[in-house]
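**Q** Provided herewith: entry.txt, compact mmCIF, C-alpha atoms.
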# COMPACT_ATOMS: atom_id res chain seq x y z
CA MET N 1 68.52 -81.61 -58.38
CA LYS N 2 65.85 -78.91 -58.47
CA ALA N 3 64.41 -78.03 -55.08
CA PRO N 4 60.64 -78.65 -54.80
CA THR N 5 58.41 -75.57 -54.87
CA LEU N 6 56.77 -74.82 -51.53
CA LYS N 7 53.00 -74.46 -51.72
CA PRO N 8 50.53 -73.38 -49.06
CA ARG N 9 47.37 -75.22 -48.09
CA ARG N 10 44.79 -75.46 -50.89
CA VAL N 11 42.42 -73.10 -49.12
CA ILE N 12 45.12 -70.40 -49.04
CA GLN N 13 45.73 -70.83 -52.76
CA GLY N 14 42.03 -70.12 -53.31
CA LEU N 15 42.02 -66.85 -51.36
CA SER N 16 42.24 -63.54 -53.18
CA ALA N 17 45.65 -61.85 -53.10
CA GLU N 18 43.98 -58.44 -53.38
CA HIS N 19 43.25 -56.27 -50.35
CA PRO N 20 41.73 -52.77 -50.28
CA SER N 21 44.48 -50.15 -50.27
CA ILE N 22 44.67 -48.14 -47.05
CA GLU N 23 48.02 -46.50 -47.79
CA ASN N 24 48.85 -42.90 -48.79
CA ARG N 25 45.95 -41.42 -46.84
CA ALA N 26 47.94 -38.66 -45.09
CA GLY N 27 46.54 -35.18 -45.62
CA THR N 28 43.09 -36.45 -46.65
CA VAL N 29 39.69 -36.35 -45.00
CA ARG N 30 39.65 -40.02 -44.03
CA LEU N 31 36.02 -41.10 -44.02
CA ASP N 32 36.69 -44.55 -45.49
CA MET N 33 37.72 -46.62 -42.44
CA ASN N 34 35.14 -45.72 -39.74
CA GLU N 35 37.88 -44.21 -37.60
CA ASN N 36 37.60 -41.59 -34.89
CA THR N 37 39.17 -38.95 -37.12
CA GLY N 38 39.84 -36.69 -34.14
CA GLY N 39 42.07 -39.39 -32.68
CA ALA N 40 42.64 -40.28 -29.07
CA ALA N 41 41.78 -37.67 -26.46
CA PRO N 42 44.73 -35.39 -25.55
CA ARG N 43 44.73 -36.54 -21.92
CA VAL N 44 44.98 -40.17 -23.08
CA VAL N 45 48.06 -39.25 -25.11
CA ARG N 46 49.56 -37.42 -22.13
CA GLY N 47 48.73 -40.32 -19.84
CA LEU N 48 50.31 -42.75 -22.27
CA ARG N 49 53.55 -40.77 -22.28
CA ARG N 50 53.64 -40.85 -18.49
CA ALA N 51 52.71 -44.50 -18.21
CA VAL N 52 55.11 -46.07 -20.71
CA THR N 53 58.81 -45.82 -19.87
CA GLY N 54 61.81 -47.04 -21.81
CA LYS N 55 62.35 -49.79 -19.27
CA GLN N 56 58.75 -50.92 -19.61
CA LEU N 57 59.09 -51.13 -23.39
CA GLY N 58 62.03 -53.48 -22.85
CA THR N 59 59.96 -55.97 -20.88
CA TYR N 60 57.05 -58.22 -21.80
CA PRO N 61 53.58 -56.96 -20.81
CA GLU N 62 51.78 -58.06 -17.66
CA TYR N 63 48.03 -58.47 -17.92
CA GLN N 64 46.56 -59.28 -14.52
CA GLY N 65 46.08 -55.69 -13.29
CA ALA N 66 44.84 -54.38 -16.64
CA ARG N 67 42.44 -57.31 -17.02
CA ALA N 68 41.00 -56.66 -13.56
CA ALA N 69 40.53 -52.92 -14.25
CA LEU N 70 38.88 -53.57 -17.62
CA ALA N 71 36.63 -56.23 -16.09
CA ARG N 72 35.43 -53.72 -13.48
CA HIS N 73 34.76 -51.16 -16.21
CA PHE N 74 32.72 -53.60 -18.30
CA GLN N 75 31.08 -55.14 -15.20
CA VAL N 76 32.24 -58.69 -15.82
CA SER N 77 34.59 -61.10 -14.06
CA PRO N 78 38.24 -61.17 -15.23
CA THR N 79 37.59 -64.81 -16.18
CA GLU N 80 34.84 -63.66 -18.58
CA LEU N 81 37.14 -61.35 -20.56
CA LEU N 82 39.90 -61.93 -23.10
CA LEU N 83 42.30 -59.28 -24.46
CA THR N 84 42.99 -59.46 -28.21
CA ASN N 85 45.01 -57.55 -30.79
CA GLY N 86 41.93 -55.81 -32.18
CA ILE N 87 38.66 -57.45 -33.27
CA ASP N 88 40.33 -59.04 -36.29
CA ASP N 89 42.49 -61.05 -33.89
CA ALA N 90 39.40 -61.87 -31.83
CA ILE N 91 37.67 -63.34 -34.88
CA LYS N 92 40.76 -65.35 -35.77
CA LEU N 93 40.91 -66.66 -32.21
CA ILE N 94 37.31 -67.88 -32.44
CA CYS N 95 38.21 -69.77 -35.62
CA ASP N 96 41.44 -71.14 -34.13
CA THR N 97 39.51 -72.44 -31.13
CA PHE N 98 36.26 -73.75 -32.58
CA VAL N 99 36.45 -74.24 -36.37
CA ASP N 100 37.45 -77.53 -38.00
CA PRO N 101 37.80 -77.91 -41.79
CA GLY N 102 34.35 -78.23 -43.33
CA ASP N 103 32.53 -76.45 -40.49
CA THR N 104 29.95 -73.85 -41.51
CA LEU N 105 29.76 -70.16 -40.68
CA LEU N 106 26.38 -68.42 -41.03
CA ILE N 107 26.45 -64.70 -41.84
CA PRO N 108 24.11 -62.10 -43.27
CA ALA N 109 25.18 -60.32 -46.45
CA LEU N 110 26.35 -57.56 -46.59
CA THR N 111 28.52 -57.60 -43.45
CA PHE N 112 32.10 -57.32 -42.15
CA THR N 113 34.28 -59.45 -44.44
CA MET N 114 36.76 -60.65 -41.83
CA TYR N 115 34.32 -63.20 -40.38
CA GLN N 116 34.33 -65.15 -43.61
CA PHE N 117 38.00 -64.46 -44.31
CA PHE N 118 39.33 -66.11 -41.14
CA HIS N 119 36.72 -68.87 -41.33
CA SER N 120 37.88 -69.64 -44.87
CA VAL N 121 41.54 -69.66 -43.79
CA ALA N 122 40.55 -72.29 -41.20
CA GLY N 123 39.08 -74.43 -43.99
CA GLY N 124 35.42 -73.72 -43.30
CA LYS N 125 32.53 -73.01 -45.66
CA THR N 126 30.03 -70.18 -45.41
CA ASP N 127 26.24 -69.99 -45.70
CA VAL N 128 24.78 -66.56 -46.44
CA ILE N 129 21.40 -65.11 -45.47
CA ARG N 130 20.30 -62.09 -47.51
CA TYR N 131 19.00 -58.97 -45.82
CA ASP N 132 15.44 -57.99 -46.67
CA ALA N 133 14.46 -54.99 -48.82
CA ARG N 134 14.95 -52.66 -45.84
CA LEU N 135 18.34 -54.11 -44.90
CA ARG N 136 16.92 -55.88 -41.84
CA LEU N 137 17.96 -59.34 -40.70
CA PRO N 138 15.32 -61.95 -41.72
CA VAL N 139 15.32 -63.86 -38.44
CA HIS N 140 13.01 -66.64 -39.67
CA GLN N 141 15.57 -67.51 -42.35
CA VAL N 142 18.37 -67.49 -39.79
CA LEU N 143 16.43 -69.88 -37.55
CA ALA N 144 15.73 -72.19 -40.48
CA ALA N 145 19.43 -72.22 -41.37
CA LEU N 146 20.28 -73.02 -37.76
CA GLY N 147 18.42 -76.28 -38.10
CA ARG N 148 15.15 -75.52 -36.33
CA ALA N 149 13.25 -76.31 -39.54
CA GLY N 150 15.14 -79.48 -40.41
CA SER N 151 17.61 -82.13 -39.35
CA ARG N 152 20.71 -80.78 -41.12
CA ARG N 153 23.90 -80.23 -39.15
CA PRO N 154 23.75 -76.70 -37.71
CA PRO N 155 26.44 -74.09 -38.39
CA ARG N 156 29.45 -74.09 -36.09
CA TRP N 157 29.08 -70.37 -35.49
CA VAL N 158 27.08 -67.29 -36.47
CA ALA N 159 28.56 -63.79 -36.78
CA LEU N 160 26.25 -60.80 -36.28
CA ALA N 161 27.69 -57.28 -36.26
CA ASN N 162 25.41 -55.03 -34.21
CA PRO N 163 25.24 -52.31 -35.50
CA ASN N 164 26.07 -53.95 -38.80
CA ASN N 165 29.06 -52.88 -40.86
CA PRO N 166 28.59 -51.44 -43.49
CA THR N 167 24.83 -50.79 -43.30
CA GLY N 168 24.73 -49.33 -39.78
CA ARG N 169 21.47 -51.08 -38.91
CA LEU N 170 20.73 -52.59 -35.51
CA ILE N 171 19.34 -56.05 -34.82
CA SER N 172 16.65 -55.88 -32.15
CA LYS N 173 17.15 -57.62 -28.83
CA PRO N 174 14.09 -59.87 -29.35
CA ASP N 175 15.60 -61.03 -32.65
CA LEU N 176 19.00 -61.65 -31.05
CA ARG N 177 17.31 -63.58 -28.25
CA SER N 178 15.52 -65.75 -30.82
CA VAL N 179 18.81 -66.54 -32.56
CA LEU N 180 20.56 -67.45 -29.31
CA LYS N 181 17.69 -69.69 -28.22
CA GLY N 182 17.45 -71.26 -31.67
CA ALA N 183 21.15 -72.15 -31.75
CA PRO N 184 22.01 -73.88 -28.45
CA GLY N 185 24.84 -75.85 -30.07
CA THR N 186 26.14 -72.99 -32.20
CA LEU N 187 28.49 -70.22 -31.07
CA VAL N 188 26.89 -66.82 -31.70
CA LEU N 189 29.26 -63.86 -31.97
CA VAL N 190 27.57 -60.50 -31.46
CA ASP N 191 30.19 -58.02 -32.63
CA GLU N 192 29.62 -54.71 -30.81
CA ALA N 193 32.49 -52.76 -32.35
CA TYR N 194 30.19 -49.72 -32.66
CA PHE N 195 28.42 -50.14 -29.31
CA ASP N 196 29.55 -46.72 -28.05
CA TYR N 197 27.53 -45.06 -30.83
CA SER N 198 24.42 -47.26 -30.56
CA GLY N 199 24.23 -47.74 -26.79
CA GLU N 200 22.66 -51.18 -27.41
CA THR N 201 24.38 -54.22 -25.91
CA VAL N 202 23.80 -57.85 -24.99
CA LEU N 203 26.96 -58.09 -22.90
CA PRO N 204 25.03 -58.92 -19.68
CA TRP N 205 23.53 -61.90 -21.50
CA ILE N 206 26.79 -63.89 -21.40
CA ARG N 207 25.57 -65.33 -18.08
CA ARG N 208 22.22 -66.36 -19.59
CA PHE N 209 23.44 -67.92 -22.83
CA SER N 210 26.37 -70.33 -22.84
CA ASN N 211 26.73 -69.96 -26.64
CA LEU N 212 27.08 -66.14 -26.67
CA VAL N 213 30.37 -64.35 -27.35
CA VAL N 214 30.48 -60.52 -27.45
CA SER N 215 33.30 -58.48 -28.98
CA ARG N 216 34.25 -54.86 -28.32
CA THR N 217 37.11 -52.62 -29.47
CA PHE N 218 39.05 -49.52 -28.49
CA SER N 219 39.67 -48.74 -32.17
CA LYS N 220 36.51 -46.75 -32.87
CA ALA N 221 35.03 -44.34 -30.32
CA TYR N 222 38.18 -44.40 -28.16
CA GLY N 223 40.39 -43.43 -31.11
CA LEU N 224 43.02 -46.13 -30.52
CA ALA N 225 42.92 -47.94 -33.89
CA GLY N 226 46.69 -47.63 -34.23
CA LEU N 227 47.29 -49.57 -30.99
CA ARG N 228 44.97 -52.51 -31.74
CA LEU N 229 43.10 -53.53 -28.61
CA GLY N 230 39.98 -55.67 -28.72
CA LEU N 231 38.04 -57.66 -26.15
CA LEU N 232 36.04 -60.88 -26.14
CA PHE N 233 33.43 -61.59 -23.48
CA ALA N 234 31.82 -64.96 -22.80
CA ARG N 235 31.22 -67.48 -20.04
CA ARG N 236 34.27 -68.53 -18.12
CA GLU N 237 34.48 -71.98 -19.77
CA VAL N 238 34.34 -70.49 -23.29
CA ILE N 239 36.99 -67.89 -22.46
CA GLY N 240 39.11 -70.67 -20.99
CA TRP N 241 39.05 -72.64 -24.25
CA MET N 242 40.00 -69.59 -26.29
CA ARG N 243 42.80 -68.69 -23.90
CA ARG N 244 44.36 -72.09 -24.64
CA ALA N 245 44.56 -71.18 -28.34
CA GLN N 246 45.92 -67.68 -27.77
CA ALA N 247 49.50 -66.43 -27.88
CA VAL N 248 51.16 -65.73 -24.53
CA PHE N 249 51.59 -61.99 -25.22
CA PRO N 250 48.73 -61.00 -27.55
CA VAL N 251 48.47 -57.30 -26.60
CA ASN N 252 51.25 -54.71 -26.21
CA SER N 253 51.94 -52.54 -23.16
CA MET N 254 51.13 -49.25 -24.89
CA ALA N 255 47.68 -50.50 -25.93
CA LEU N 256 46.93 -51.52 -22.35
CA ALA N 257 48.15 -48.21 -20.91
CA ALA N 258 46.06 -46.19 -23.39
CA ALA N 259 42.96 -48.29 -22.73
CA LEU N 260 43.27 -47.88 -18.98
CA GLU N 261 43.70 -44.11 -19.35
CA SER N 262 40.66 -44.03 -21.64
CA ILE N 263 38.30 -45.77 -19.23
CA ARG N 264 39.41 -43.38 -16.47
CA ASN N 265 38.07 -40.50 -18.60
CA PRO N 266 34.67 -41.60 -19.97
CA ASP N 267 33.57 -38.01 -20.68
CA ASP N 268 36.03 -37.85 -23.61
CA VAL N 269 34.23 -40.71 -25.37
CA ARG N 270 30.82 -39.29 -24.49
CA ARG N 271 31.69 -35.93 -26.09
CA HIS N 272 33.02 -37.66 -29.20
CA VAL N 273 29.85 -39.74 -29.55
CA GLU N 274 27.68 -36.64 -29.18
CA GLU N 275 29.69 -34.90 -31.92
CA VAL N 276 29.27 -37.92 -34.21
CA GLN N 277 25.52 -37.95 -33.63
CA VAL N 278 25.24 -34.25 -34.54
CA ASN N 279 27.42 -34.60 -37.65
CA ARG N 280 25.64 -37.80 -38.73
CA ALA N 281 22.33 -35.94 -38.62
CA ARG N 282 23.83 -33.11 -40.73
CA LEU N 283 25.11 -35.56 -43.32
CA CYS N 284 21.78 -37.39 -43.49
CA GLN N 285 19.98 -34.09 -43.97
CA CYS N 286 22.32 -33.31 -46.88
CA LEU N 287 21.77 -36.74 -48.44
CA GLU N 288 18.02 -36.31 -48.13
CA SER N 289 18.11 -32.89 -49.79
CA LEU N 290 20.09 -34.39 -52.69
CA GLY N 291 17.69 -37.32 -53.08
CA ILE N 292 20.26 -39.92 -52.06
CA PRO N 293 18.74 -42.96 -50.27
CA TYR N 294 20.54 -43.93 -47.06
CA ALA N 295 20.06 -46.57 -44.39
CA PRO N 296 19.22 -45.54 -40.81
CA SER N 297 22.51 -45.77 -38.91
CA ALA N 298 23.30 -46.44 -35.26
CA ALA N 299 27.06 -46.23 -35.90
CA ASN N 300 29.69 -43.64 -36.89
CA PHE N 301 29.05 -44.04 -40.61
CA VAL N 302 26.20 -43.91 -43.13
CA PHE N 303 25.52 -46.37 -45.95
CA ALA N 304 24.08 -44.63 -49.00
CA SER N 305 23.10 -45.39 -52.61
CA PHE N 306 24.63 -42.95 -55.13
CA GLY N 307 23.38 -44.64 -58.30
CA GLU N 308 25.13 -45.45 -61.55
CA ARG N 309 27.51 -42.49 -61.38
CA ALA N 310 28.87 -43.44 -57.96
CA PRO N 311 32.35 -44.36 -59.33
CA GLU N 312 32.69 -40.90 -60.89
CA ILE N 313 31.47 -39.22 -57.71
CA ALA N 314 34.00 -41.23 -55.68
CA ARG N 315 36.75 -40.16 -58.05
CA ARG N 316 35.74 -36.51 -57.80
CA LEU N 317 35.72 -36.70 -54.01
CA THR N 318 39.18 -38.29 -54.03
CA GLU N 319 40.43 -35.45 -56.21
CA GLN N 320 39.25 -33.13 -53.44
CA ARG N 321 41.19 -35.27 -50.92
CA ILE N 322 38.02 -36.73 -49.39
CA LEU N 323 37.98 -40.52 -49.02
CA VAL N 324 34.85 -42.66 -48.65
CA ARG N 325 34.48 -46.44 -48.79
CA HIS N 326 33.48 -47.43 -52.32
CA TRP N 327 33.23 -50.98 -53.68
CA SER N 328 34.43 -50.17 -57.20
CA GLY N 329 35.36 -53.78 -57.98
CA ASP N 330 32.00 -55.31 -57.05
CA PRO N 331 29.32 -54.97 -59.75
CA HIS N 332 26.55 -55.26 -57.16
CA LEU N 333 27.98 -52.67 -54.75
CA ARG N 334 29.58 -50.10 -57.05
CA SER N 335 26.58 -47.77 -56.54
CA TYR N 336 27.09 -47.55 -52.78
CA PHE N 337 29.26 -45.57 -50.38
CA ARG N 338 29.92 -46.12 -46.70
CA ILE N 339 30.69 -42.66 -45.39
CA GLY N 340 32.41 -42.29 -42.03
CA ILE N 341 31.37 -39.44 -39.75
CA GLY N 342 34.26 -37.09 -39.09
CA THR N 343 34.72 -33.90 -37.11
CA GLY N 344 32.52 -30.86 -37.61
CA SER N 345 34.93 -29.23 -40.08
CA GLU N 346 35.36 -32.51 -42.00
CA THR N 347 31.59 -32.97 -42.21
CA ARG N 348 31.09 -29.42 -43.52
CA ARG N 349 33.81 -29.99 -46.13
CA LEU N 350 32.15 -33.25 -47.24
CA ILE N 351 28.72 -31.65 -47.47
CA ARG N 352 30.07 -28.77 -49.59
CA ALA N 353 31.75 -31.29 -51.89
CA LEU N 354 28.57 -33.39 -52.28
CA GLU N 355 26.46 -30.32 -52.97
CA GLY N 356 29.00 -29.25 -55.58
CA LEU N 357 28.60 -32.62 -57.30
CA GLY N 358 24.81 -32.44 -57.28
CA SER N 359 24.63 -32.45 -61.09
CA LEU N 360 26.07 -35.98 -61.11
CA ILE N 361 23.45 -37.35 -58.74
CA GLU N 362 20.50 -39.00 -60.47
CA PRO N 363 17.07 -39.45 -58.83
CA GLN N 364 16.50 -42.95 -57.44
CA ASP N 365 13.51 -44.95 -56.32
CA PRO N 366 14.12 -45.50 -52.58
CA LYS N 367 12.22 -48.80 -52.73
CA SER N 368 14.76 -50.28 -55.15
CA ALA N 369 17.86 -48.61 -53.70
CA TRP N 370 19.10 -51.76 -51.95
CA GLN N 371 18.62 -54.28 -54.76
CA GLY N 372 22.36 -54.42 -55.38
CA VAL N 373 23.04 -55.23 -51.73
CA MET N 374 20.53 -58.06 -51.81
CA ALA N 375 22.17 -59.49 -54.94
CA HIS N 376 25.72 -59.15 -53.57
CA CYS N 377 27.70 -62.37 -53.20
CA PRO N 378 30.51 -62.15 -50.63
CA MET N 379 33.89 -63.80 -51.06
CA SER N 380 32.96 -67.28 -52.26
CA HIS N 381 35.04 -69.79 -50.33
CA ARG N 382 32.24 -72.31 -49.87
CA ALA N 383 34.01 -75.59 -50.58
Show how you would write the structure in this file as structure tokens.

**A**
Amino acid sequence: MKAPTLKPRRVIQGLSAEHPSIENRAGTVRLDMNENTGGAAPRVVRGLRRAVTGKQLGTYPEYQGARAALARHFQVSPTELLLTNGIDDAIKLICDTFVDPGDTLLIPALTFTMYQFFHSVAGGKTDVIRYDARLRLPVHQVLAALGRAGSRRPPRWVALANPNNPTGRLISKPDLRSVLKGAPGTLVLVDEAYFDYSGETVLPWIRRFSNLVVSRTFSKAYGLAGLRLGLLFARREVIGWMRRAQAVFPVNSMALAAALESIRNPDDVRRHVEEVQVNRARLCQCLESLGIPYAPSAANFVFASFGERAPEIARRLTEQRILVRHWSGDPHLRSYFRIGIGTGSETRRLIRALEGLGSLIEPQDPKSAWQGVMAHCPMSHRA
């Protein structure tokens, strides 16, 4: 008798099996993943070696002391904070806790794809709001979708990256306040993965809005992407619900030790952020001189429109061992790059390469530069 073939849930069968390749990047200028290309500060690495012993690696992590120290650093109560295995895990935890099959996620397009990915895995559907011609969030459309303008069932949650990935644009605090007030029965995630570069936060608002969840990460400015440590902040009751859905040991001991060493040395992050701001300005000046439209960025990357020859330019950069984020498989986004901001030497190398490819760059009308973004359709798991 032939054994039956095992099949996953229908929603999993509908997901794409393709993922962007992030392998074989050694020896390149890695400006494609928004990383801190300088890595963790040397004293964090030294502190990590001192803090983690062989015996400690043989035991399960303890969280109480680390949670208390991190809560003091972020000026919240330990009961208002949750440790996660990076922000991806934080997003999954939100879905595990709050999303039933058929629930709706509301997102702007273009934004971080993992919101919709984990929501789709949970069996949810997604509504998309398009950015305007200047890549700003159209708040009136968000409020209408939240049900203020009708009697439809509101979305279960809204995900807003601030600054947004990949455009780098900020949502103003008045606009965020309007969304939170307009969605009292909807969870609103404000993803502040790039807070250290923007300096703009709504973290203190968790005590004003019961529907607000804020996420942060040690992967970006702190240079700890390889250790995977994220944080969720919300009111105590909301954190309590998510803790019920979380694994017992979600974060490893090395990640905790590195994070604690990092917050003891805030000047390291400050210097890195200052370097990024200087190098971002240099890159934007180069783009401007080449006639390449770019979006104002409050993060450690720049979103730019390279026109019809963008795929060839991306290939030429790769040949020079310089990697940028390019959406070659999306017909609406193939003209765009998201360029991470590296060290001073990496930025100079990138600028020389772009200037050397100037003959491939065609003049563009800045007013129509973002038409492809506005026409983009994200992964379409809407059923």

**Q** Nearest to Val179 (chain N) among N:Phe195, N:Val142, N:Gly147, N:Arg208, with distances taken over all atoms listed in the file: which residue is it?

**A**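 Of N:Phe195, N:Val142, N:Gly147, N:Arg208, the one nearest Val179 (chain N), counting all atoms listed in the file, is N:Val142.
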
**Q** Using all atoms listed in the file, which of the listed residues (N:Cys95, N:Val139, N:Thr113, N:Ser253) sits closest to Pro174 (chain N)?

**A**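 Between N:Cys95, N:Val139, N:Thr113, N:Ser253, the residue approaching Pro174 (chain N) most closely is N:Val139.
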
**Q** Quick one: everything within 9 Å of Cys284 (chain N), counting all atoms listed in the file, minus sequence neighbours fewer than 3 positions away in the same chain. Send it as a list of chain:residue names.

**A**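 Near Cys284 (chain N), the qualifying residues are N:Asn279, N:Arg280, N:Ala281, N:Leu287, N:Glu288, N:Ser289, N:Tyr294, N:Pro296, N:Val302.
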
**Q** Quick one, how far is CA of Ser305 (chain N) from CA of Leu106 (chain N)?

**A**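 That distance, rounded to one decimal, is 26.0 Å.
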
**Q** Would you mind telling me which residue in N:His119, N:Met374, N:Ser335, N:Leu323 lies nearest to Glu23 (chain N) when using only C-alpha atoms?

**A**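 Closest to Glu23 (chain N), using only C-alpha atoms: N:Leu323.
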
**Q** Given only C-alpha atoms as the basis, pick out the residue of N:Arg216, N:Met114, N:Leu283, N:Gly329 nearest to Arg352 (chain N).

**A**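 Answer, going by the shortest atom-to-atom distance: N:Leu283.
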
**Q** Please determine the residues with any atom at most 8 Å from (41.1, -45.6, -25.9) (coordinates as given in the file, with all atoms listed in the file counting) and report them as a list in words.

**A**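 I get Ala40, Ala41, Val44, Phe218, Ser219, Ala221, Tyr222, Gly223, Leu224, Ala258, Ala259, Leu260, Glu261, Ser262 and Ile263 of chain N for the residues within 8 Å of that point.
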
**Q** Report, in Å with one decimal, the straight-line distance from CA of Trp205 (chain N) to CA of Val76 (chain N).

**A**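 Atom-to-atom, CA of Trp205 (chain N) to CA of Val76 (chain N), that is 10.9 Å.
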
**Q** List the residues sitting within 7 Å of (26.6, -66.7, -48.1) in the file's frame, using only C-alpha atoms, as an MDAnalysis selection string.

**A** chainID N and resid 107 109 126:129 377:378

**Q** For Glu275 (chain N), which residue out of N:Leu137, N:Tyr197, N:Arg46, N:Arg30 is the nearest one, using only C-alpha atoms?

**A**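 When distances to Glu275 (chain N) are compared using only C-alpha atoms, the smallest one comes from N:Tyr197.
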